[in-house]
>>> print(open('structure.pdb').read())   # PDB, N, CA and C atoms
ATOM      1  N   MET A   6     121.104  34.040 144.185
ATOM      2  CA  MET A   6     121.069  33.528 142.847
ATOM      3  C   MET A   6     120.908  34.674 141.872
ATOM      4  N   LEU A   7     121.364  34.435 140.668
ATOM      5  CA  LEU A   7     121.152  35.374 139.569
ATOM      6  C   LEU A   7     120.191  34.739 138.576
ATOM      7  N   ILE A   8     119.257  35.534 138.087
ATOM      8  CA  ILE A   8     118.405  35.087 136.994
ATOM      9  C   ILE A   8     118.461  36.152 135.911
ATOM     10  N   ALA A   9     118.831  35.708 134.717
ATOM     11  CA  ALA A   9     118.756  36.567 133.529
ATOM     12  C   ALA A   9     117.546  36.093 132.754
ATOM     13  N   PHE A  10     116.666  37.017 132.429
ATOM     14  CA  PHE A  10     115.468  36.603 131.709
ATOM     15  C   PHE A  10     115.066  37.636 130.669
ATOM     16  N   SER A  11     114.335  37.131 129.694
ATOM     17  CA  SER A  11     113.816  37.962 128.619
ATOM     18  C   SER A  11     112.350  37.613 128.423
ATOM     19  N   ILE A  12     111.518  38.620 128.412
ATOM     20  CA  ILE A  12     110.085  38.435 128.197
ATOM     21  C   ILE A  12     109.725  39.084 126.870
ATOM     22  N   THR A  13     109.059  38.329 126.015
ATOM     23  CA  THR A  13     108.623  38.858 124.726
ATOM     24  C   THR A  13     107.117  38.710 124.592
ATOM     25  N   PRO A  14     106.405  39.826 124.469
ATOM     26  CA  PRO A  14     104.966  39.730 124.220
ATOM     27  C   PRO A  14     104.737  39.314 122.763
ATOM     28  N   LEU A  15     103.850  38.378 122.552
ATOM     29  CA  LEU A  15     103.533  37.922 121.201
ATOM     30  C   LEU A  15     102.090  38.293 120.870
ATOM     31  N   GLY A  16     101.877  38.615 119.605
ATOM     32  CA  GLY A  16     100.526  38.935 119.157
ATOM     33  C   GLY A  16     100.096  40.357 119.434
ATOM     34  N   VAL A  17     101.064  41.255 119.643
ATOM     35  CA  VAL A  17     100.718  42.656 119.929
ATOM     36  C   VAL A  17     101.167  43.598 118.819
ATOM     37  N   GLY A  18     101.639  43.039 117.714
ATOM     38  CA  GLY A  18     102.126  43.870 116.628
ATOM     39  C   GLY A  18     103.637  43.973 116.664
ATOM     40  N   GLU A  19     104.147  44.868 115.840
ATOM     41  CA  GLU A  19     105.597  44.977 115.671
ATOM     42  C   GLU A  19     106.312  45.601 116.855
ATOM     43  N   SER A  20     105.690  46.589 117.489
ATOM     44  CA  SER A  20     106.341  47.280 118.599
ATOM     45  C   SER A  20     105.969  46.629 119.930
ATOM     46  N   VAL A  21     106.996  46.234 120.692
ATOM     47  CA  VAL A  21     106.760  45.611 122.001
ATOM     48  C   VAL A  21     107.354  46.455 123.134
ATOM     49  N   GLY A  22     107.779  47.671 122.808
ATOM     50  CA  GLY A  22     108.470  48.516 123.779
ATOM     51  C   GLY A  22     107.682  48.823 125.034
ATOM     52  N   ASP A  23     106.393  49.127 124.900
ATOM     53  CA  ASP A  23     105.606  49.486 126.087
ATOM     54  C   ASP A  23     105.441  48.315 127.056
ATOM     55  N   PRO A  24     105.029  47.125 126.587
ATOM     56  CA  PRO A  24     104.914  46.021 127.544
ATOM     57  C   PRO A  24     106.257  45.603 128.146
ATOM     58  N   VAL A  25     107.322  45.668 127.365
ATOM     59  CA  VAL A  25     108.646  45.324 127.898
ATOM     60  C   VAL A  25     109.056  46.342 128.967
ATOM     61  N   ALA A  26     108.808  47.613 128.709
ATOM     62  CA  ALA A  26     109.121  48.646 129.708
ATOM     63  C   ALA A  26     108.331  48.415 130.990
ATOM     64  N   ASP A  27     107.093  47.983 130.867
ATOM     65  CA  ASP A  27     106.287  47.694 132.057
ATOM     66  C   ASP A  27     106.881  46.536 132.851
ATOM     67  N   ALA A  28     107.407  45.520 132.163
ATOM     68  CA  ALA A  28     108.044  44.382 132.840
ATOM     69  C   ALA A  28     109.311  44.832 133.563
ATOM     70  N   VAL A  29     110.105  45.667 132.918
ATOM     71  CA  VAL A  29     111.330  46.172 133.548
ATOM     72  C   VAL A  29     110.975  47.033 134.762
ATOM     73  N   ARG A  30     109.900  47.777 134.655
ATOM     74  CA  ARG A  30     109.453  48.607 135.781
ATOM     75  C   ARG A  30     109.137  47.725 137.002
ATOM     76  N   VAL A  31     108.499  46.590 136.779
ATOM     77  CA  VAL A  31     108.205  45.647 137.863
ATOM     78  C   VAL A  31     109.498  45.211 138.547
ATOM     79  N   VAL A  32     110.502  44.890 137.754
ATOM     80  CA  VAL A  32     111.789  44.452 138.307
ATOM     81  C   VAL A  32     112.422  45.569 139.122
ATOM     82  N   ARG A  33     112.463  46.759 138.569
ATOM     83  CA  ARG A  33     113.098  47.880 139.276
ATOM     84  C   ARG A  33     112.378  48.238 140.560
ATOM     85  N   GLU A  34     111.060  48.124 140.558
ATOM     86  CA  GLU A  34     110.290  48.446 141.758
ATOM     87  C   GLU A  34     110.408  47.362 142.832
ATOM     88  N   SER A  35     110.966  46.204 142.470
ATOM     89  CA  SER A  35     111.109  45.112 143.436
ATOM     90  C   SER A  35     112.121  45.436 144.527
ATOM     91  N   GLY A  36     113.061  46.327 144.224
ATOM     92  CA  GLY A  36     114.108  46.656 145.176
ATOM     93  C   GLY A  36     115.288  45.702 145.139
ATOM     94  N   LEU A  37     115.201  44.635 144.345
ATOM     95  CA  LEU A  37     116.316  43.704 144.221
ATOM     96  C   LEU A  37     117.365  44.280 143.270
ATOM     97  N   PRO A  38     118.635  43.936 143.462
ATOM     98  CA  PRO A  38     119.650  44.385 142.516
ATOM     99  C   PRO A  38     119.300  43.865 141.117
ATOM    100  N   ASN A  39     119.401  44.739 140.123
ATOM    101  CA  ASN A  39     119.047  44.338 138.766
ATOM    102  C   ASN A  39     119.777  45.176 137.740
ATOM    103  N   ARG A  40     119.824  44.647 136.544
ATOM    104  CA  ARG A  40     120.453  45.357 135.424
ATOM    105  C   ARG A  40     119.730  44.912 134.156
ATOM    106  N   THR A  41     119.465  45.858 133.276
ATOM    107  CA  THR A  41     118.817  45.556 131.997
ATOM    108  C   THR A  41     119.758  45.944 130.877
ATOM    109  N   ASP A  42     119.916  45.036 129.909
ATOM    110  CA  ASP A  42     120.682  45.355 128.706
ATOM    111  C   ASP A  42     119.808  45.063 127.487
ATOM    112  N   ALA A  43     120.388  45.058 126.323
ATOM    113  CA  ALA A  43     119.606  44.907 125.093
ATOM    114  C   ALA A  43     118.952  43.533 124.959
ATOM    115  N   MET A  44     119.468  42.530 125.670
ATOM    116  CA  MET A  44     118.963  41.175 125.507
ATOM    117  C   MET A  44     118.208  40.624 126.726
ATOM    118  N   PHE A  45     118.670  40.974 127.925
ATOM    119  CA  PHE A  45     118.122  40.373 129.138
ATOM    120  C   PHE A  45     118.019  41.392 130.263
ATOM    121  N   THR A  46     117.198  41.051 131.239
ATOM    122  CA  THR A  46     117.210  41.720 132.529
ATOM    123  C   THR A  46     117.725  40.693 133.521
ATOM    124  N   THR A  47     118.708  41.100 134.328
ATOM    125  CA  THR A  47     119.275  40.220 135.339
ATOM    126  C   THR A  47     118.849  40.742 136.699
ATOM    127  N   VAL A  48     118.437  39.838 137.549
ATOM    128  CA  VAL A  48     118.015  40.201 138.901
ATOM    129  C   VAL A  48     118.682  39.236 139.878
ATOM    130  N   GLU A  49     119.039  39.755 141.052
ATOM    131  CA  GLU A  49     119.755  38.961 142.052
ATOM    132  C   GLU A  49     118.975  38.927 143.355
ATOM    133  N   GLY A  50     118.928  37.746 143.962
ATOM    134  CA  GLY A  50     118.258  37.600 145.253
ATOM    135  C   GLY A  50     118.074  36.146 145.591
ATOM    136  N   GLU A  51     117.233  35.883 146.564
ATOM    137  CA  GLU A  51     116.919  34.513 146.962
ATOM    138  C   GLU A  51     115.902  33.932 145.973
ATOM    139  N   TRP A  52     115.900  32.603 145.864
ATOM    140  CA  TRP A  52     115.069  31.891 144.889
ATOM    141  C   TRP A  52     113.631  32.409 144.860
ATOM    142  N   ASP A  53     112.938  32.366 145.993
ATOM    143  CA  ASP A  53     111.518  32.717 146.018
ATOM    144  C   ASP A  53     111.269  34.169 145.627
ATOM    145  N   GLU A  54     112.115  35.082 146.086
ATOM    146  CA  GLU A  54     111.875  36.488 145.773
ATOM    147  C   GLU A  54     112.177  36.791 144.306
ATOM    148  N   VAL A  55     113.210  36.182 143.751
ATOM    149  CA  VAL A  55     113.551  36.414 142.347
ATOM    150  C   VAL A  55     112.471  35.826 141.432
ATOM    151  N   MET A  56     112.047  34.601 141.738
ATOM    152  CA  MET A  56     111.020  33.969 140.906
ATOM    153  C   MET A  56     109.690  34.717 141.005
ATOM    154  N   ALA A  57     109.397  35.284 142.164
ATOM    155  CA  ALA A  57     108.172  36.077 142.309
ATOM    156  C   ALA A  57     108.225  37.325 141.434
ATOM    157  N   VAL A  58     109.398  37.937 141.326
ATOM    158  CA  VAL A  58     109.551  39.119 140.468
ATOM    159  C   VAL A  58     109.373  38.726 138.998
ATOM    160  N   VAL A  59     109.972  37.617 138.599
ATOM    161  CA  VAL A  59     109.811  37.157 137.214
ATOM    162  C   VAL A  59     108.337  36.890 136.925
ATOM    163  N   LYS A  60     107.642  36.241 137.842
ATOM    164  CA  LYS A  60     106.215  35.962 137.640
ATOM    165  C   LYS A  60     105.412  37.248 137.512
ATOM    166  N   ARG A  61     105.682  38.220 138.373
ATOM    167  CA  ARG A  61     104.957  39.504 138.281
ATOM    168  C   ARG A  61     105.227  40.197 136.954
ATOM    169  N   ALA A  62     106.475  40.132 136.485
ATOM    170  CA  ALA A  62     106.818  40.751 135.199
ATOM    171  C   ALA A  62     106.084  40.049 134.053
ATOM    172  N   VAL A  63     106.054  38.721 134.091
ATOM    173  CA  VAL A  63     105.331  37.966 133.059
ATOM    174  C   VAL A  63     103.842  38.288 133.127
ATOM    175  N   ASP A  64     103.274  38.321 134.307
ATOM    176  CA  ASP A  64     101.848  38.640 134.455
ATOM    177  C   ASP A  64     101.526  40.027 133.923
ATOM    178  N   THR A  65     102.442  40.970 134.138
ATOM    179  CA  THR A  65     102.237  42.334 133.638
ATOM    180  C   THR A  65     102.177  42.348 132.116
ATOM    181  N   VAL A  66     103.072  41.610 131.474
ATOM    182  CA  VAL A  66     103.071  41.540 130.011
ATOM    183  C   VAL A  66     101.864  40.750 129.519
ATOM    184  N   ALA A  67     101.519  39.672 130.210
ATOM    185  CA  ALA A  67     100.380  38.842 129.803
ATOM    186  C   ALA A  67      99.062  39.615 129.840
ATOM    187  N   ALA A  68      98.990  40.637 130.671
ATOM    188  CA  ALA A  68      97.785  41.469 130.715
ATOM    189  C   ALA A  68      97.647  42.314 129.446
ATOM    190  N   GLN A  69      98.733  42.405 128.667
ATOM    191  CA  GLN A  69      98.727  43.242 127.464
ATOM    192  C   GLN A  69      98.891  42.445 126.174
ATOM    193  N   ALA A  70      99.148  41.145 126.296
ATOM    194  CA  ALA A  70      99.430  40.331 125.119
ATOM    195  C   ALA A  70      98.738  38.979 125.255
ATOM    196  N   PRO A  71      98.264  38.420 124.132
ATOM    197  CA  PRO A  71      97.596  37.126 124.209
ATOM    198  C   PRO A  71      98.552  35.954 124.465
ATOM    199  N   ARG A  72      99.843  36.188 124.268
ATOM    200  CA  ARG A  72     100.838  35.138 124.459
ATOM    201  C   ARG A  72     102.149  35.780 124.895
ATOM    202  N   VAL A  73     102.899  35.078 125.751
ATOM    203  CA  VAL A  73     104.160  35.605 126.266
ATOM    204  C   VAL A  73     105.237  34.530 126.152
ATOM    205  N   SER A  74     106.402  34.919 125.631
ATOM    206  CA  SER A  74     107.556  34.037 125.591
ATOM    207  C   SER A  74     108.513  34.456 126.703
ATOM    208  N   LEU A  75     109.009  33.471 127.463
ATOM    209  CA  LEU A  75     109.943  33.732 128.553
ATOM    210  C   LEU A  75     111.181  32.869 128.353
ATOM    211  N   VAL A  76     112.344  33.521 128.324
ATOM    212  CA  VAL A  76     113.633  32.830 128.307
ATOM    213  C   VAL A  76     114.299  33.158 129.639
ATOM    214  N   LEU A  77     114.771  32.122 130.339
ATOM    215  CA  LEU A  77     115.321  32.322 131.672
ATOM    216  C   LEU A  77     116.593  31.495 131.843
ATOM    217  N   LYS A  78     117.613  32.124 132.402
ATOM    218  CA  LYS A  78     118.854  31.433 132.738
ATOM    219  C   LYS A  78     119.168  31.769 134.194
ATOM    220  N   ALA A  79     119.503  30.737 134.974
ATOM    221  CA  ALA A  79     119.736  30.944 136.401
ATOM    222  C   ALA A  79     121.115  30.453 136.815
ATOM    223  N   ASP A  80     121.734  31.195 137.735
ATOM    224  CA  ASP A  80     122.977  30.795 138.388
ATOM    225  C   ASP A  80     122.641  30.647 139.869
ATOM    226  N   VAL A  81     122.481  29.411 140.308
ATOM    227  CA  VAL A  81     122.050  29.132 141.674
ATOM    228  C   VAL A  81     123.284  28.824 142.514
ATOM    229  N   ARG A  82     123.652  29.774 143.376
ATOM    230  CA  ARG A  82     124.820  29.612 144.255
ATOM    231  C   ARG A  82     124.450  30.113 145.640
ATOM    232  N   PRO A  83     123.905  29.232 146.477
ATOM    233  CA  PRO A  83     123.507  29.651 147.826
ATOM    234  C   PRO A  83     124.671  30.286 148.582
ATOM    235  N   GLY A  84     124.350  31.357 149.304
ATOM    236  CA  GLY A  84     125.340  32.020 150.132
ATOM    237  C   GLY A  84     126.162  33.081 149.422
ATOM    238  N   VAL A  85     126.063  33.156 148.105
ATOM    239  CA  VAL A  85     126.830  34.153 147.357
ATOM    240  C   VAL A  85     125.994  35.418 147.234
ATOM    241  N   THR A  86     126.601  36.546 147.541
ATOM    242  CA  THR A  86     125.921  37.826 147.381
ATOM    243  C   THR A  86     126.757  38.710 146.465
ATOM    244  N   ASP A  87     126.125  39.691 145.875
ATOM    245  CA  ASP A  87     126.758  40.644 144.963
ATOM    246  C   ASP A  87     127.420  39.951 143.774
ATOM    247  N   ALA A  88     126.830  38.862 143.326
ATOM    248  CA  ALA A  88     127.383  38.128 142.185
ATOM    249  C   ALA A  88     127.259  38.926 140.895
ATOM    250  N   MET A  89     126.215  39.726 140.774
ATOM    251  CA  MET A  89     125.979  40.462 139.543
ATOM    252  C   MET A  89     127.132  41.418 139.232
ATOM    253  N   THR A  90     127.613  42.129 140.224
ATOM    254  CA  THR A  90     128.719  43.048 139.980
ATOM    255  C   THR A  90     130.067  42.387 140.210
ATOM    256  N   GLY A  91     130.122  41.427 141.126
ATOM    257  CA  GLY A  91     131.377  40.758 141.443
ATOM    258  C   GLY A  91     131.957  39.993 140.274
ATOM    259  N   LYS A  92     131.112  39.278 139.535
ATOM    260  CA  LYS A  92     131.597  38.512 138.385
ATOM    261  C   LYS A  92     132.223  39.436 137.346
ATOM    262  N   VAL A  93     131.544  40.528 137.050
ATOM    263  CA  VAL A  93     132.048  41.471 136.057
ATOM    264  C   VAL A  93     133.332  42.119 136.545
ATOM    265  N   ALA A  94     133.388  42.480 137.812
ATOM    266  CA  ALA A  94     134.585  43.123 138.367
ATOM    267  C   ALA A  94     135.802  42.207 138.267
ATOM    268  N   ARG A  95     135.619  40.919 138.501
ATOM    269  CA  ARG A  95     136.742  39.990 138.409
ATOM    270  C   ARG A  95     137.258  39.871 136.970
ATOM    271  N   VAL A  96     136.375  39.846 136.011
ATOM    272  CA  VAL A  96     136.807  39.794 134.609
ATOM    273  C   VAL A  96     137.508  41.098 134.227
ATOM    274  N   GLU A  97     136.941  42.230 134.634
ATOM    275  CA  GLU A  97     137.558  43.524 134.320
ATOM    276  C   GLU A  97     138.947  43.626 134.945
ATOM    277  N   ALA A  98     139.121  43.103 136.160
ATOM    278  CA  ALA A  98     140.433  43.127 136.818
ATOM    279  C   ALA A  98     141.445  42.319 136.013
ATOM    280  N   ARG A  99     141.032  41.180 135.528
ATOM    281  CA  ARG A  99     141.938  40.365 134.713
ATOM    282  C   ARG A  99     142.304  41.085 133.423
ATOM    283  N   LEU A 100     141.345  41.735 132.824
ATOM    284  CA  LEU A 100     141.628  42.484 131.600
ATOM    285  C   LEU A 100     142.592  43.631 131.872
ATOM    286  N   ALA A 101     142.411  44.313 132.994
ATOM    287  CA  ALA A 101     143.279  45.430 133.350
ATOM    288  C   ALA A 101     144.706  44.974 133.634
ATOM    289  N   GLU A 102     144.859  43.739 134.117
ATOM    290  CA  GLU A 102     146.187  43.193 134.382
ATOM    291  C   GLU A 102     146.941  42.905 133.097
ATOM    292  N   GLY A 103     146.215  42.891 131.992
ATOM    293  CA  GLY A 103     146.852  42.611 130.711
ATOM    294  C   GLY A 103     147.170  41.144 130.522
ATOM    295  N   ALA A 104     146.481  40.307 131.253
ATOM    296  CA  ALA A 104     146.718  38.867 131.132
ATOM    297  C   ALA A 104     146.387  38.411 129.723
ATOM    298  N   GLY A 105     147.280  37.635 129.156
ATOM    299  CA  GLY A 105     147.073  37.105 127.815
ATOM    300  C   GLY A 105     146.231  35.860 127.853
ATOM    301  N   PRO A 106     146.019  35.259 126.687
ATOM    302  CA  PRO A 106     145.218  34.035 126.640
ATOM    303  C   PRO A 106     145.903  32.913 127.402
ATOM    304  N   THR A 107     145.096  32.052 127.982
ATOM    305  CA  THR A 107     145.647  30.926 128.740
ATOM    306  C   THR A 107     145.929  29.723 127.861
ATOM    307  N   ALA A 108     145.425  29.747 126.661
ATOM    308  CA  ALA A 108     145.683  28.652 125.727
ATOM    309  C   ALA A 108     146.327  29.218 124.469
ATOM    310  N   THR A 109     147.140  28.445 123.838
ATOM    311  CA  THR A 109     147.777  28.917 122.609
ATOM    312  C   THR A 109     147.025  28.383 121.416
ATOM    313  N   MET A 110     147.048  29.142 120.346
ATOM    314  CA  MET A 110     146.385  28.740 119.115
ATOM    315  C   MET A 110     147.240  27.719 118.386
ATOM    316  N   PRO A 111     146.642  26.804 117.655
ATOM    317  CA  PRO A 111     147.418  25.877 116.836
ATOM    318  C   PRO A 111     148.206  26.653 115.780
ATOM    319  N   PRO A 112     149.288  26.077 115.238
ATOM    320  CA  PRO A 112     150.050  26.763 114.190
ATOM    321  C   PRO A 112     149.135  27.209 113.056
ATOM    322  N   ASN A 113     149.460  28.353 112.473
ATOM    323  CA  ASN A 113     148.708  28.940 111.367
ATOM    324  C   ASN A 113     147.306  29.407 111.757
ATOM    325  N   GLN A 114     147.006  29.478 113.037
ATOM    326  CA  GLN A 114     145.686  29.918 113.496
ATOM    327  C   GLN A 114     145.780  31.210 114.309
ATOM    328  N   GLU A 115     147.006  31.742 114.503
ATOM    329  CA  GLU A 115     147.177  32.914 115.360
ATOM    330  C   GLU A 115     146.806  34.179 114.635
TER     331      GLU A 115
END
>>> encode(input="structure.pdb", output="structure tokens")
Amino acid sequence: MLIAFSITPLGVGESVGDPVADAVRVVRESGLPNRTDAMFTTVEGEWDEVMAVVKRAVDTVAAQAPRVSLVLKADVRPGVTDAMTGKVARVEARLAEGAGPTATMPPNQE
């Protein structure tokens, strides 16, 4: 499964960089495949191991903030591995093929 999540410490002032970095560190130290971008950290693995990593990351931030906001999106597909890179690779392959849009725009909308 893939889980994309975002943890936001609340009540710690304007800068949240240190607690967020600590949460990302927890994910990276888990050994599970992961990627962090400007909005989310995505981690791949089995349900229990991925959710345990998210909990540890939240607990790490909660130790530094009186309140924590968690946004989580999951793609649950048993038996699928390497989904994090595979999905992107398939889209990039289609783009490289130069495939055009599959639907046409209504008149005067092109």
>>> atom_distance(input="structure.pdb", atom1="atom CA of A:Val63", atom2="atom N of A:Val21")
15.0 Å
>>> select_by_dssp(input="structure.pdb", residues="chain A", states="strand (DSSP E or B)", output="PyMOL selection string")
chain A and resi 7-15+39-41+46-49+72-80
>>> resolve_selection(input="structure.pdb", expression="the PyMOL selection byres ((chain A and resi 15) around 6.5)", output="number ranges by chain")
A: 13-14, 16-18, 70-74
>>> atom_distance(input="structure.pdb", atom1="atom C of A:Ala9", atom2="atom C of A:Gly84")
19.0 Å
>>> axis_aligned_box(input="structure.pdb", around="stretch 37-55 of chain A", padding_each_side="8 Å", output="lines of an AutoDock Vina configuration file")
center_x = 116.0
center_y = 38.9
center_z = 136.0
size_x = 25.4
size_y = 30.1
size_z = 38.0
>>> resolve_selection(input="structure.pdb", expression="the PyMOL selection byres (((chain A and resi 30 and name CA) around 12) and name CA)", output="list in words")
Asp23, Pro24, Val25, Ala26, Asp27, Ala28, Val29, Val31, Val32, Arg33, Glu34, Ser35, Gly36, Leu37, Asn39, Arg40, Thr41, Thr46, Val58, Val59, Arg61, Ala62, Val63, Thr65 and Val66 of chain A
>>> atom_distance(input="structure.pdb", atom1="atom CA of A:Ala67", atom2="atom CA of A:Ala43")
20.7 Å
>>> select_by_dssp(input="structure.pdb", residues="chain A", states="helix (DSSP H, G or I)", output="number ranges by chain")
A: 22-34, 52-67, 88-102
>>> write_last_selection(input="structure.pdb", atoms="N, CA and C atoms", output="compact mmCIF listing (two decimals), in the coordinates of the input")
# COMPACT_ATOMS: atom_id res chain seq x y z
N GLY A 22 107.78 47.67 122.81
CA GLY A 22 108.47 48.52 123.78
C GLY A 22 107.68 48.82 125.03
N ASP A 23 106.39 49.13 124.90
CA ASP A 23 105.61 49.49 126.09
C ASP A 23 105.44 48.32 127.06
N PRO A 24 105.03 47.12 126.59
CA PRO A 24 104.91 46.02 127.54
C PRO A 24 106.26 45.60 128.15
N VAL A 25 107.32 45.67 127.36
CA VAL A 25 108.65 45.32 127.90
C VAL A 25 109.06 46.34 128.97
N ALA A 26 108.81 47.61 128.71
CA ALA A 26 109.12 48.65 129.71
C ALA A 26 108.33 48.42 130.99
N ASP A 27 107.09 47.98 130.87
CA ASP A 27 106.29 47.69 132.06
C ASP A 27 106.88 46.54 132.85
N ALA A 28 107.41 45.52 132.16
CA ALA A 28 108.04 44.38 132.84
C ALA A 28 109.31 44.83 133.56
N VAL A 29 110.10 45.67 132.92
CA VAL A 29 111.33 46.17 133.55
C VAL A 29 110.98 47.03 134.76
N ARG A 30 109.90 47.78 134.66
CA ARG A 30 109.45 48.61 135.78
C ARG A 30 109.14 47.72 137.00
N VAL A 31 108.50 46.59 136.78
CA VAL A 31 108.20 45.65 137.86
C VAL A 31 109.50 45.21 138.55
N VAL A 32 110.50 44.89 137.75
CA VAL A 32 111.79 44.45 138.31
C VAL A 32 112.42 45.57 139.12
N ARG A 33 112.46 46.76 138.57
CA ARG A 33 113.10 47.88 139.28
C ARG A 33 112.38 48.24 140.56
N GLU A 34 111.06 48.12 140.56
CA GLU A 34 110.29 48.45 141.76
C GLU A 34 110.41 47.36 142.83
N TRP A 52 115.90 32.60 145.86
CA TRP A 52 115.07 31.89 144.89
C TRP A 52 113.63 32.41 144.86
N ASP A 53 112.94 32.37 145.99
CA ASP A 53 111.52 32.72 146.02
C ASP A 53 111.27 34.17 145.63
N GLU A 54 112.12 35.08 146.09
CA GLU A 54 111.88 36.49 145.77
C GLU A 54 112.18 36.79 144.31
N VAL A 55 113.21 36.18 143.75
CA VAL A 55 113.55 36.41 142.35
C VAL A 55 112.47 35.83 141.43
N MET A 56 112.05 34.60 141.74
CA MET A 56 111.02 33.97 140.91
C MET A 56 109.69 34.72 141.00
N ALA A 57 109.40 35.28 142.16
CA ALA A 57 108.17 36.08 142.31
C ALA A 57 108.22 37.33 141.43
N VAL A 58 109.40 37.94 141.33
CA VAL A 58 109.55 39.12 140.47
C VAL A 58 109.37 38.73 139.00
N VAL A 59 109.97 37.62 138.60
CA VAL A 59 109.81 37.16 137.21
C VAL A 59 108.34 36.89 136.93
N LYS A 60 107.64 36.24 137.84
CA LYS A 60 106.22 35.96 137.64
C LYS A 60 105.41 37.25 137.51
N ARG A 61 105.68 38.22 138.37
CA ARG A 61 104.96 39.50 138.28
C ARG A 61 105.23 40.20 136.95
N ALA A 62 106.48 40.13 136.49
CA ALA A 62 106.82 40.75 135.20
C ALA A 62 106.08 40.05 134.05
N VAL A 63 106.05 38.72 134.09
CA VAL A 63 105.33 37.97 133.06
C VAL A 63 103.84 38.29 133.13
N ASP A 64 103.27 38.32 134.31
CA ASP A 64 101.85 38.64 134.46
C ASP A 64 101.53 40.03 133.92
N THR A 65 102.44 40.97 134.14
CA THR A 65 102.24 42.33 133.64
C THR A 65 102.18 42.35 132.12
N VAL A 66 103.07 41.61 131.47
CA VAL A 66 103.07 41.54 130.01
C VAL A 66 101.86 40.75 129.52
N ALA A 67 101.52 39.67 130.21
CA ALA A 67 100.38 38.84 129.80
C ALA A 67 99.06 39.62 129.84
N ALA A 88 126.83 38.86 143.33
CA ALA A 88 127.38 38.13 142.18
C ALA A 88 127.26 38.93 140.90
N MET A 89 126.22 39.73 140.77
CA MET A 89 125.98 40.46 139.54
C MET A 89 127.13 41.42 139.23
N THR A 90 127.61 42.13 140.22
CA THR A 90 128.72 43.05 139.98
C THR A 90 130.07 42.39 140.21
N GLY A 91 130.12 41.43 141.13
CA GLY A 91 131.38 40.76 141.44
C GLY A 91 131.96 39.99 140.27
N LYS A 92 131.11 39.28 139.54
CA LYS A 92 131.60 38.51 138.38
C LYS A 92 132.22 39.44 137.35
N VAL A 93 131.54 40.53 137.05
CA VAL A 93 132.05 41.47 136.06
C VAL A 93 133.33 42.12 136.54
N ALA A 94 133.39 42.48 137.81
CA ALA A 94 134.58 43.12 138.37
C ALA A 94 135.80 42.21 138.27
N ARG A 95 135.62 40.92 138.50
CA ARG A 95 136.74 39.99 138.41
C ARG A 95 137.26 39.87 136.97
N VAL A 96 136.38 39.85 136.01
CA VAL A 96 136.81 39.79 134.61
C VAL A 96 137.51 41.10 134.23
N GLU A 97 136.94 42.23 134.63
CA GLU A 97 137.56 43.52 134.32
C GLU A 97 138.95 43.63 134.94
N ALA A 98 139.12 43.10 136.16
CA ALA A 98 140.43 43.13 136.82
C ALA A 98 141.44 42.32 136.01
N ARG A 99 141.03 41.18 135.53
CA ARG A 99 141.94 40.36 134.71
C ARG A 99 142.30 41.08 133.42
N LEU A 100 141.34 41.74 132.82
CA LEU A 100 141.63 42.48 131.60
C LEU A 100 142.59 43.63 131.87
N ALA A 101 142.41 44.31 132.99
CA ALA A 101 143.28 45.43 133.35
C ALA A 101 144.71 44.97 133.63
N GLU A 102 144.86 43.74 134.12
CA GLU A 102 146.19 43.19 134.38
C GLU A 102 146.94 42.90 133.10
>>> closest_residue(input="structure.pdb", among="A:Ser20, A:Met6, A:Leu100, A:Met56", to="A:Pro83", atoms="all atoms listed in the file")
A:Met6
>>> closest_residue(input="structure.pdb", among="A:Leu7, A:Gln69, A:Ala79, A:Val96", to="A:Gly50", atoms="only C-alpha atoms")
A:Leu7
>>> closest_residue(input="structure.pdb", among="A:Phe10, A:Thr90, A:Arg95, A:Val81", to="A:Phe45", atoms="all atoms listed in the file")
A:Phe10
